[in-house]
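Presented below is the structure to which this report refers.
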Amino acid sequence: MPFSLPSPANCLLSLPVELLLIIVGFSNEQNRRRNLKTPTPSVFAFSLVCRHLRRLCLASLFYRIRIAHTDQLKGLKDKCLNDAQFGSLIREVDLTHAYSPDEQDSLRRIIMSGSGAEIYRYGPALLPALLPLLACLERLELPAVQINGDLLAAFHSHSTLRTVAIDDPHFDILTKLLTTSSASMSKIFVCSAISETSFGLQTTRFDSLMSRGFHLSRLIVQDQCTIDGPGPLVIPGLESLQIEVQEEPFTWLQSFVERHVHLHVVKFSGRHSTWIQNPDILFSSQFVGELETEFLHLDVDLIAFSIRRDGLAVSFNQWPVVDLHLDLRTAEAFSALKTATSLAPQLSLMIIHTSSLNRVPFQLEDLISYCSLFPSLQRLELYYVHKHLLHEEAPPWLVPLASDQHRSISKCVIALFTLRWLAARLAQRSASLDFIHFTDYGMDFSPGYGHYDWDIQVTYEAGPRRELAIRATSKIVMANAFKPSDDIAALLSMTPENTRYYT
């Protein structure tokens with residue numbers, strides 16, 4: 001009797017439930033480490049094997065849901081009414097980009113009639129009935145304009161809801177709620193606020209908001225007009241501080257950091273002259289100083305960098321640099337990355353712009369070598385590099401195009417092949433690198449029809465074996481006249497979801 005191996009599915013089903021749950025949980029943990037908010041493809045695949053495995057994956061599949069249209073919101077309510085257990089699976093709901101046709105129609109009618117009627121909002125209309133059905137909901141994200149006094153009270157009365165994340169950078173919506181509702185704002189988390197003039201948060205209005213218990217995650221300081229900075233200001237729960245560096249010194253920053261124990265990231269942005277005049281900020285002072293020593297200060301523009309709190313560090317200048325954003329103007333400017341390596345060995349995100357290069361070419365291998373110097377780099381973003389890459393006349397990554405010669409080959413397609421090959425090389429050379437993002441643009445020419453613009457925003461994710469997968473957030477726009485064959489589109493992972501052709 002011939003011997004046959006059991007199928008992978010049967011082997012999987014023979015495992016104890018406890019072990020299967022550990023496997024699903026491991027996939028979710030990998031997501032959390034990479035700050036991904038959707039289930040991994042492995043969990044999706046796992047859930048499609050059979051009903052038993054799908055039941056084990058339900059909690060992961062529906063832990064967080066993103067609503068794109070209010071019809072989905074109404075459908076969710078109907079589903080939860082018919083199946084109470086389904087509603088208890090959902091922990092987070094994202095309504096940030098939910099489209100409401102009723103809201104658009106309401107706005108259009110008001111504009112056409114010139115009346116002062118109140119605009120229909122789906123938040124007060126739909127959420128009060130839905131929230132009680134989501135018995136285990138912990139986090140809700142939605143536009144601030146959707147909140148009124150009744151909805152604020154509904155948030156407060158929900159037993160498990162801890163966070164309602166909104167964007168209200170100038171506190172316009174929350175200020176209005178101060179006068180229309182007495183409900184607590186303790187569950188409201190403002191994602192970011194902008195202080196534009198002399199730390200404008202030192203006002204009676206801000207004090208009134210703080211007394212209602214809302215939380216502010218990120219403060220953006222755009223205009224520091226006094227050397228005293230924020231004075232004794234304390235913002236409970238502040239996690240991130242973003243500063244547009246001006247010419248005034250930052251003697252206030254150390255005490256501000258010490259007062260905010262939850263503050264874990266400080267981001268600085270500026271230009272060459274402001275970095276030079278601010279020796280209080282150690283990394284920028286050292287980095288720009290090294291550039292001047294190497295005569296690279298005119299070739300490299302330090303746009304921004306972030307530091308992250310280190311539990312052992314006393315001074316914020318001892319916090320490691322984790323994000324770095326540079327604009328490189330010459331091919332020689334890439335050597336500045338060596339300096340960055342020594343000053344920022346724990347760098348996890350690097351953004352490189354080459355828009356100022358003016359078609360100055362640089363060697364592809366040099367780019368790969370310099371970007372591979374950082375041992376902790378997890379995400380690399382390269383902007384407008386394609387037109388500067390110098391390589392052989394018939395590079396191997398363009399071989400598949402030989403079978404597509406009957407078509408007009410788009411420079412967009414050539415760029416995608418080149419950037420995909422570059423991403424693969426970077427992933428192979430840097431074991432820590434998880435994501436490689438490219439933003440690029442260009443123009444195709446068709447005799448008799450003129451010029452057609454194309455645009456690329458693609459992100460590749462490197463798997464455990466350094467294989468690449470294109471992320472769902474990628475976007476490609478190009479002319480229909482240069483649409484590639486189905487085979488070429490498949491090779492480049494161009495799908496109807498991530499590619500738009502125009503005429």
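How things are named: the first chain in the structure tokens is A, the next is B, and so on; residues count from 1 in each chain; ligands count from 1 in the order shown.
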Inset, instruction - Excluding range 298-315 of chain A and residues on its chain fewer than 2 positions from it, collect all residues at most 7 Å away from it, counting only C-alpha atoms, and give them as a list in words. - result: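 Neighbouring residues, sequence-local ones excluded: Gln254, His264, Val265, Val266, Lys267, Phe268, Ser269, Gly270, Arg271, His272, Leu296, Asn317, Gln318, Trp319, Pro320, Val321, Val322, Asp323, Leu324, His325, Leu326, Asp327, Leu328, Arg329, Thr330 and Ala333 of chain A.
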Mind dumping the selected residues with N, CA and C atoms as a PDB file, in the first residue's frame?
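Saved as result-v4.pdb:
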```
ATOM      1  N   GLN A 254      14.263  71.357  28.620  1.00  0.00           N
ATOM      2  CA  GLN A 254      14.607  70.316  29.579  1.00  0.00           C
ATOM      3  C   GLN A 254      13.573  70.235  30.709  1.00  0.00           C
ATOM      4  N   HIS A 264       7.320  60.876  25.099  1.00  0.00           N
ATOM      5  CA  HIS A 264       8.363  59.926  24.694  1.00  0.00           C
ATOM      6  C   HIS A 264       9.024  60.263  23.363  1.00  0.00           C
ATOM      7  N   VAL A 265       8.482  61.228  22.611  1.00  0.00           N
ATOM      8  CA  VAL A 265       9.099  61.606  21.333  1.00  0.00           C
ATOM      9  C   VAL A 265       9.093  63.125  21.200  1.00  0.00           C
ATOM     10  N   VAL A 266      10.251  63.678  20.826  1.00  0.00           N
ATOM     11  CA  VAL A 266      10.344  65.099  20.487  1.00  0.00           C
ATOM     12  C   VAL A 266      10.892  65.190  19.066  1.00  0.00           C
ATOM     13  N   LYS A 267      10.152  65.883  18.197  1.00  0.00           N
ATOM     14  CA  LYS A 267      10.582  66.050  16.806  1.00  0.00           C
ATOM     15  C   LYS A 267      10.968  67.499  16.576  1.00  0.00           C
ATOM     16  N   PHE A 268      12.139  67.706  15.954  1.00  0.00           N
ATOM     17  CA  PHE A 268      12.616  69.047  15.611  1.00  0.00           C
ATOM     18  C   PHE A 268      12.633  69.190  14.094  1.00  0.00           C
ATOM     19  N   SER A 269      12.173  70.332  13.593  1.00  0.00           N
ATOM     20  CA  SER A 269      12.301  70.625  12.164  1.00  0.00           C
ATOM     21  C   SER A 269      12.834  72.043  12.019  1.00  0.00           C
ATOM     22  N   GLY A 270      13.619  72.286  10.974  1.00  0.00           N
ATOM     23  CA  GLY A 270      14.211  73.611  10.810  1.00  0.00           C
ATOM     24  C   GLY A 270      15.005  73.709   9.531  1.00  0.00           C
ATOM     25  N   ARG A 271      15.894  74.691   9.476  1.00  0.00           N
ATOM     26  CA  ARG A 271      16.755  74.888   8.312  1.00  0.00           C
ATOM     27  C   ARG A 271      18.171  75.179   8.819  1.00  0.00           C
ATOM     28  N   HIS A 272      19.106  75.265   7.905  1.00  0.00           N
ATOM     29  CA  HIS A 272      20.521  75.325   8.269  1.00  0.00           C
ATOM     30  C   HIS A 272      20.826  76.441   9.267  1.00  0.00           C
ATOM     31  N   LEU A 296      30.223  69.678   3.251  1.00  0.00           N
ATOM     32  CA  LEU A 296      28.983  69.152   2.700  1.00  0.00           C
ATOM     33  C   LEU A 296      27.765  69.955   3.132  1.00  0.00           C
ATOM     34  N   ASN A 317      18.977  65.586  25.495  1.00  0.00           N
ATOM     35  CA  ASN A 317      20.041  65.460  24.507  1.00  0.00           C
ATOM     36  C   ASN A 317      20.710  64.095  24.536  1.00  0.00           C
ATOM     37  N   GLN A 318      20.394  63.295  25.563  1.00  0.00           N
ATOM     38  CA  GLN A 318      20.918  61.930  25.635  1.00  0.00           C
ATOM     39  C   GLN A 318      19.942  60.918  25.042  1.00  0.00           C
ATOM     40  N   TRP A 319      18.749  61.389  24.666  1.00  0.00           N
ATOM     41  CA  TRP A 319      17.799  60.486  24.023  1.00  0.00           C
ATOM     42  C   TRP A 319      18.320  60.124  22.633  1.00  0.00           C
ATOM     43  N   PRO A 320      18.170  58.872  22.217  1.00  0.00           N
ATOM     44  CA  PRO A 320      18.661  58.479  20.884  1.00  0.00           C
ATOM     45  C   PRO A 320      17.814  59.062  19.760  1.00  0.00           C
ATOM     46  N   VAL A 321      18.465  59.367  18.655  1.00  0.00           N
ATOM     47  CA  VAL A 321      17.772  59.823  17.447  1.00  0.00           C
ATOM     48  C   VAL A 321      17.183  58.601  16.748  1.00  0.00           C
ATOM     49  N   VAL A 322      15.864  58.640  16.483  1.00  0.00           N
ATOM     50  CA  VAL A 322      15.193  57.478  15.888  1.00  0.00           C
ATOM     51  C   VAL A 322      14.648  57.764  14.495  1.00  0.00           C
ATOM     52  N   ASP A 323      14.379  59.031  14.173  1.00  0.00           N
ATOM     53  CA  ASP A 323      13.895  59.409  12.838  1.00  0.00           C
ATOM     54  C   ASP A 323      14.804  60.496  12.273  1.00  0.00           C
ATOM     55  N   LEU A 324      15.063  60.421  10.969  1.00  0.00           N
ATOM     56  CA  LEU A 324      15.931  61.411  10.325  1.00  0.00           C
ATOM     57  C   LEU A 324      15.394  61.708   8.929  1.00  0.00           C
ATOM     58  N   HIS A 325      15.290  63.004   8.602  1.00  0.00           N
ATOM     59  CA  HIS A 325      14.762  63.439   7.311  1.00  0.00           C
ATOM     60  C   HIS A 325      15.776  64.381   6.669  1.00  0.00           C
ATOM     61  N   LEU A 326      16.316  63.975   5.512  1.00  0.00           N
ATOM     62  CA  LEU A 326      17.355  64.736   4.830  1.00  0.00           C
ATOM     63  C   LEU A 326      16.947  65.054   3.396  1.00  0.00           C
ATOM     64  N   ASP A 327      17.442  66.190   2.903  1.00  0.00           N
ATOM     65  CA  ASP A 327      17.327  66.528   1.490  1.00  0.00           C
ATOM     66  C   ASP A 327      18.750  66.578   0.944  1.00  0.00           C
ATOM     67  N   LEU A 328      19.046  65.711  -0.034  1.00  0.00           N
ATOM     68  CA  LEU A 328      20.397  65.592  -0.581  1.00  0.00           C
ATOM     69  C   LEU A 328      20.441  66.249  -1.957  1.00  0.00           C
ATOM     70  N   ARG A 329      21.407  67.167  -2.132  1.00  0.00           N
ATOM     71  CA  ARG A 329      21.432  67.983  -3.347  1.00  0.00           C
ATOM     72  C   ARG A 329      22.477  67.536  -4.367  1.00  0.00           C
ATOM     73  N   THR A 330      23.434  66.719  -3.963  1.00  0.00           N
ATOM     74  CA  THR A 330      24.468  66.241  -4.876  1.00  0.00           C
ATOM     75  C   THR A 330      24.713  64.761  -4.637  1.00  0.00           C
ATOM     76  N   ALA A 333      26.585  64.067  -1.520  1.00  0.00           N
ATOM     77  CA  ALA A 333      25.858  64.271  -0.266  1.00  0.00           C
ATOM     78  C   ALA A 333      25.512  62.957   0.425  1.00  0.00           C
TER      79      ALA A 333
END
```
Inset, instruction - Mind listing the strand (DSSP E) residues of range 28-271 of chain A, per DSSP on the backbone, as an MDAnalysis selection string? - result: chainID A and resid 64:66 92:94 139:141 163:166 188:190 193:195 215:216 218:221 240:244 265:269
Inset, instruction - Please identify all polymer residues within 12 Å of Leu492 in chain A, counting only C-alpha atoms, omitting same-chain residues fewer than 4 positions from it, and present them as a count of residues only. - result: 28
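Shortest separation to Met443 in chain A among A:Glu332, A:Asp455, A:Asp168, A:Glu138 occurs at residue A:Asp455, atoms counted being only C-alpha atoms.
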Inset, instruction - Rank A:Thr503, A:Asn148, A:Thr96, A:Gln346 by their smallest atom-to-atom distance to Ile166 in chain A, using only C-alpha atoms, and report the top residue only. - result: A:Thr96
Inset, instruction - May I have the residues within 12 Å of Arg471 in chain A as a ChimeraX atom specification, using only C-alpha atoms and disregarding those fewer than 5 positions away in the same chain? - result: /A:36,38,40-41,434-438,457-463,493-495,497-498
Please, could you write that set of residues out with N, CA, C and O atoms as a short mmCIF file (atom, residue, chain, number, x, y, z; two decimals), in the first residue's frame?
```
data_model
loop_
_atom_site.label_atom_id
_atom_site.label_comp_id
_atom_site.auth_asym_id
_atom_site.auth_seq_id
_atom_site.Cartn_x
_atom_site.Cartn_y
_atom_site.Cartn_z
N LEU A 36 1.08 47.99 12.65
CA LEU A 36 0.06 47.76 11.63
C LEU A 36 -1.29 47.61 12.31
O LEU A 36 -1.40 47.00 13.37
N THR A 38 -4.17 46.37 10.75
CA THR A 38 -5.04 45.40 10.10
C THR A 38 -4.46 44.01 10.30
O THR A 38 -3.24 43.86 10.49
N THR A 40 -2.80 40.40 9.68
CA THR A 40 -1.79 39.99 8.72
C THR A 40 -2.41 39.06 7.68
O THR A 40 -3.42 38.39 7.95
N PRO A 41 -1.82 38.96 6.47
CA PRO A 41 -2.33 38.02 5.47
C PRO A 41 -2.37 36.59 5.98
O PRO A 41 -3.24 35.82 5.58
N ASP A 434 12.06 46.62 7.41
CA ASP A 434 10.74 46.03 7.20
C ASP A 434 9.99 46.68 6.04
O ASP A 434 9.24 46.00 5.34
N PHE A 435 10.14 47.99 5.88
CA PHE A 435 9.36 48.71 4.87
C PHE A 435 10.27 49.62 4.05
O PHE A 435 11.12 50.31 4.61
N ILE A 436 10.06 49.60 2.73
CA ILE A 436 10.75 50.51 1.82
C ILE A 436 9.68 51.24 1.01
O ILE A 436 8.89 50.60 0.30
N HIS A 437 9.64 52.55 1.15
CA HIS A 437 8.62 53.34 0.46
C HIS A 437 9.27 54.23 -0.60
O HIS A 437 10.33 54.81 -0.38
N PHE A 438 8.60 54.34 -1.75
CA PHE A 438 9.05 55.22 -2.83
C PHE A 438 7.91 56.17 -3.23
O PHE A 438 6.77 55.74 -3.39
N GLN A 457 3.34 56.05 -5.59
CA GLN A 457 3.50 56.03 -4.14
C GLN A 457 3.35 54.57 -3.71
O GLN A 457 2.24 54.09 -3.47
N VAL A 458 4.46 53.86 -3.65
CA VAL A 458 4.42 52.43 -3.36
C VAL A 458 5.25 52.11 -2.12
O VAL A 458 6.32 52.69 -1.90
N THR A 459 4.75 51.17 -1.34
CA THR A 459 5.47 50.70 -0.17
C THR A 459 5.60 49.19 -0.25
O THR A 459 4.61 48.47 -0.48
N TYR A 460 6.83 48.70 -0.10
CA TYR A 460 7.10 47.27 -0.09
C TYR A 460 7.39 46.82 1.33
O TYR A 460 8.12 47.48 2.07
N GLU A 461 6.82 45.68 1.70
CA GLU A 461 7.09 45.10 3.01
C GLU A 461 7.97 43.87 2.83
O GLU A 461 7.68 42.99 2.01
N ALA A 462 9.04 43.79 3.60
CA ALA A 462 9.96 42.67 3.52
C ALA A 462 9.54 41.59 4.52
O ALA A 462 9.36 41.87 5.71
N GLY A 463 9.36 40.38 4.02
CA GLY A 463 8.97 39.27 4.88
C GLY A 463 10.16 38.67 5.60
O GLY A 463 11.31 39.11 5.45
N SER A 493 2.62 43.73 -9.38
CA SER A 493 1.54 43.76 -8.37
C SER A 493 0.64 44.97 -8.57
O SER A 493 0.14 45.55 -7.61
N MET A 494 0.44 45.35 -9.85
CA MET A 494 -0.49 46.44 -10.18
C MET A 494 -1.90 45.87 -10.25
O MET A 494 -2.18 45.01 -11.09
N THR A 495 -2.78 46.31 -9.38
CA THR A 495 -4.14 45.80 -9.30
C THR A 495 -5.14 46.95 -9.44
O THR A 495 -4.77 48.12 -9.32
N GLU A 497 -7.11 47.88 -7.31
CA GLU A 497 -7.16 48.58 -6.02
C GLU A 497 -6.06 49.61 -5.87
O GLU A 497 -6.27 50.64 -5.22
N ASN A 498 -4.88 49.36 -6.46
CA ASN A 498 -3.78 50.30 -6.24
C ASN A 498 -3.37 51.09 -7.49
O ASN A 498 -2.46 51.93 -7.42
#
```
Residue contacts of Gly442 in chain A (9 Å, only C-alpha atoms) excluding same-chain residues fewer than 2 positions away, as a compact mmCIF listing (two decimals) with N, CA and C atoms, in the first residue's frame:
```txt
# COMPACT_ATOMS: atom_id res chain seq x y z
N LYS A 387 14.96 59.12 -11.29
CA LYS A 387 15.60 59.81 -12.41
C LYS A 387 17.09 60.07 -12.16
N LYS A 411 7.41 55.10 -18.88
CA LYS A 411 8.51 55.33 -17.95
C LYS A 411 8.07 55.00 -16.53
N CYS A 412 6.78 55.06 -16.28
CA CYS A 412 6.24 54.67 -14.98
C CYS A 412 6.49 53.18 -14.73
N ASP A 440 7.48 58.90 -6.35
CA ASP A 440 8.16 59.38 -7.56
C ASP A 440 7.13 59.85 -8.57
N ASP A 444 5.23 60.64 -19.51
CA ASP A 444 5.33 59.85 -20.73
C ASP A 444 4.95 60.72 -21.92
N TYR A 452 1.90 62.87 -20.81
CA TYR A 452 1.03 62.31 -19.78
C TYR A 452 1.83 62.15 -18.49
N ASP A 453 1.30 62.70 -17.42
CA ASP A 453 1.97 62.58 -16.13
C ASP A 453 1.71 61.20 -15.51
N TRP A 454 2.66 60.73 -14.74
CA TRP A 454 2.44 59.54 -13.93
C TRP A 454 2.96 59.80 -12.51
N ASP A 455 2.42 59.04 -11.58
CA ASP A 455 2.74 59.26 -10.17
C ASP A 455 2.79 57.91 -9.45
N ILE A 456 3.79 57.76 -8.60
CA ILE A 456 3.99 56.51 -7.86
C ILE A 456 4.09 56.79 -6.37
```
Legend entry - Residue nearest Phe214 in chain A - candidates A:Leu177, A:Met478, A:Ile188, A:Val234, atoms counted: only C-alpha atoms: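 Answer, going by the shortest atom-to-atom distance: A:Ile188.
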Legend entry - Nearest to Pro464 in chain A, chosen from A:Leu491, A:Leu142, A:Leu76, A:Ala427, with only C-alpha atoms counted in the distances: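 That would be A:Ala427, the residue with the smallest distance to Pro464 in chain A.
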Legend entry - Pick from A:Ala68, A:Cys50, A:Ile276, A:Ala135 nearest to Pro101 in chain A, counting only C-alpha atoms: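 Among the listed residues, A:Ala68 lies closest to Pro101 in chain A.
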Inset, instruction - For Ser159 in chain A, list every protein, DNA or RNA residue within 12 Å, evaluated using only C-alpha atoms, and leave out those in the same chain fewer than 6 positions away; present the list as a ChimeraX atom specification. - result: /A:131-139,153,187
Inset, instruction - Run DSSP on the backbone and grab whatever in range 181-265 of chain A lands in helix (DSSP H, G or I); send it over as a PyMOL selection string. - result: chain A and resi 204-211+253-259
Can you write just those residues out, N, CA and C atoms, as a PDB file, in the first residue's frame?
```pdb
ATOM      1  N   THR A 204      -7.257  81.244  28.796  1.00  0.00           N
ATOM      2  CA  THR A 204      -8.395  80.842  29.611  1.00  0.00           C
ATOM      3  C   THR A 204      -9.176  79.721  28.937  1.00  0.00           C
ATOM      4  N   ARG A 205      -9.281  79.806  27.604  1.00  0.00           N
ATOM      5  CA  ARG A 205     -10.013  78.779  26.869  1.00  0.00           C
ATOM      6  C   ARG A 205      -9.358  77.414  27.052  1.00  0.00           C
ATOM      7  N   PHE A 206      -8.040  77.361  26.949  1.00  0.00           N
ATOM      8  CA  PHE A 206      -7.350  76.089  27.104  1.00  0.00           C
ATOM      9  C   PHE A 206      -7.485  75.579  28.541  1.00  0.00           C
ATOM     10  N   ASP A 207      -7.400  76.473  29.520  1.00  0.00           N
ATOM     11  CA  ASP A 207      -7.573  76.073  30.918  1.00  0.00           C
ATOM     12  C   ASP A 207      -8.958  75.471  31.138  1.00  0.00           C
ATOM     13  N   SER A 208      -9.976  76.048  30.499  1.00  0.00           N
ATOM     14  CA  SER A 208     -11.336  75.528  30.634  1.00  0.00           C
ATOM     15  C   SER A 208     -11.454  74.129  30.043  1.00  0.00           C
ATOM     16  N   LEU A 209     -10.809  73.923  28.898  1.00  0.00           N
ATOM     17  CA  LEU A 209     -10.824  72.594  28.280  1.00  0.00           C
ATOM     18  C   LEU A 209     -10.106  71.581  29.161  1.00  0.00           C
ATOM     19  N   MET A 210      -8.961  71.975  29.698  1.00  0.00           N
ATOM     20  CA  MET A 210      -8.201  71.066  30.550  1.00  0.00           C
ATOM     21  C   MET A 210      -9.012  70.663  31.779  1.00  0.00           C
ATOM     22  N   SER A 211      -9.809  71.577  32.303  1.00  0.00           N
ATOM     23  CA  SER A 211     -10.610  71.273  33.486  1.00  0.00           C
ATOM     24  C   SER A 211     -11.695  70.247  33.195  1.00  0.00           C
ATOM     25  N   LEU A 253      13.269  73.692  27.320  1.00  0.00           N
ATOM     26  CA  LEU A 253      12.828  72.366  26.905  1.00  0.00           C
ATOM     27  C   LEU A 253      13.105  71.290  27.954  1.00  0.00           C
ATOM     28  N   GLN A 254      14.263  71.357  28.620  1.00  0.00           N
ATOM     29  CA  GLN A 254      14.607  70.316  29.579  1.00  0.00           C
ATOM     30  C   GLN A 254      13.573  70.235  30.709  1.00  0.00           C
ATOM     31  N   SER A 255      13.196  71.377  31.277  1.00  0.00           N
ATOM     32  CA  SER A 255      12.216  71.362  32.366  1.00  0.00           C
ATOM     33  C   SER A 255      10.841  70.933  31.858  1.00  0.00           C
ATOM     34  N   PHE A 256      10.499  71.297  30.611  1.00  0.00           N
ATOM     35  CA  PHE A 256       9.220  70.874  30.023  1.00  0.00           C
ATOM     36  C   PHE A 256       9.173  69.353  29.902  1.00  0.00           C
ATOM     37  N   VAL A 257      10.269  68.759  29.455  1.00  0.00           N
ATOM     38  CA  VAL A 257      10.353  67.301  29.321  1.00  0.00           C
ATOM     39  C   VAL A 257      10.234  66.636  30.686  1.00  0.00           C
ATOM     40  N   GLU A 258      10.882  67.179  31.682  1.00  0.00           N
ATOM     41  CA  GLU A 258      10.848  66.588  33.027  1.00  0.00           C
ATOM     42  C   GLU A 258       9.450  66.620  33.624  1.00  0.00           C
ATOM     43  N   ARG A 259       8.635  67.640  33.273  1.00  0.00           N
ATOM     44  CA  ARG A 259       7.280  67.743  33.809  1.00  0.00           C
ATOM     45  C   ARG A 259       6.306  66.791  33.119  1.00  0.00           C
TER      46      ARG A 259
END
```
Legend entry - Counting only C-alpha atoms, the option among A:Ala481, A:Leu178, A:Ala165, A:Ala490 closest to Val190 in chain A: A:Ala165
Legend entry - Shell of 9 Å around Ser369 in chain A, only C-alpha atoms, local chain residues under 4 positions omitted, as a ChimeraX atom specification: /A:364-365,373,426,429
Could you write out that same residue set with N, CA and C atoms as a compact mmCIF listing (two decimals), in the first residue's frame?
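Written out: again_21.txt:
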```txt
# COMPACT_ATOMS: atom_id res chain seq x y z
N LEU A 364 23.81 53.39 -8.27
CA LEU A 364 22.82 52.61 -7.55
C LEU A 364 23.44 51.87 -6.37
N GLU A 365 24.62 51.29 -6.57
CA GLU A 365 25.27 50.54 -5.50
C GLU A 365 25.68 51.45 -4.34
N LEU A 373 23.87 51.06 6.09
CA LEU A 373 24.80 51.29 7.20
C LEU A 373 24.12 51.26 8.56
N LEU A 426 17.84 46.33 -1.13
CA LEU A 426 17.91 46.96 0.18
C LEU A 426 17.46 45.99 1.27
N ARG A 429 20.21 43.48 1.93
CA ARG A 429 21.41 44.03 2.57
C ARG A 429 21.16 44.47 4.01
```
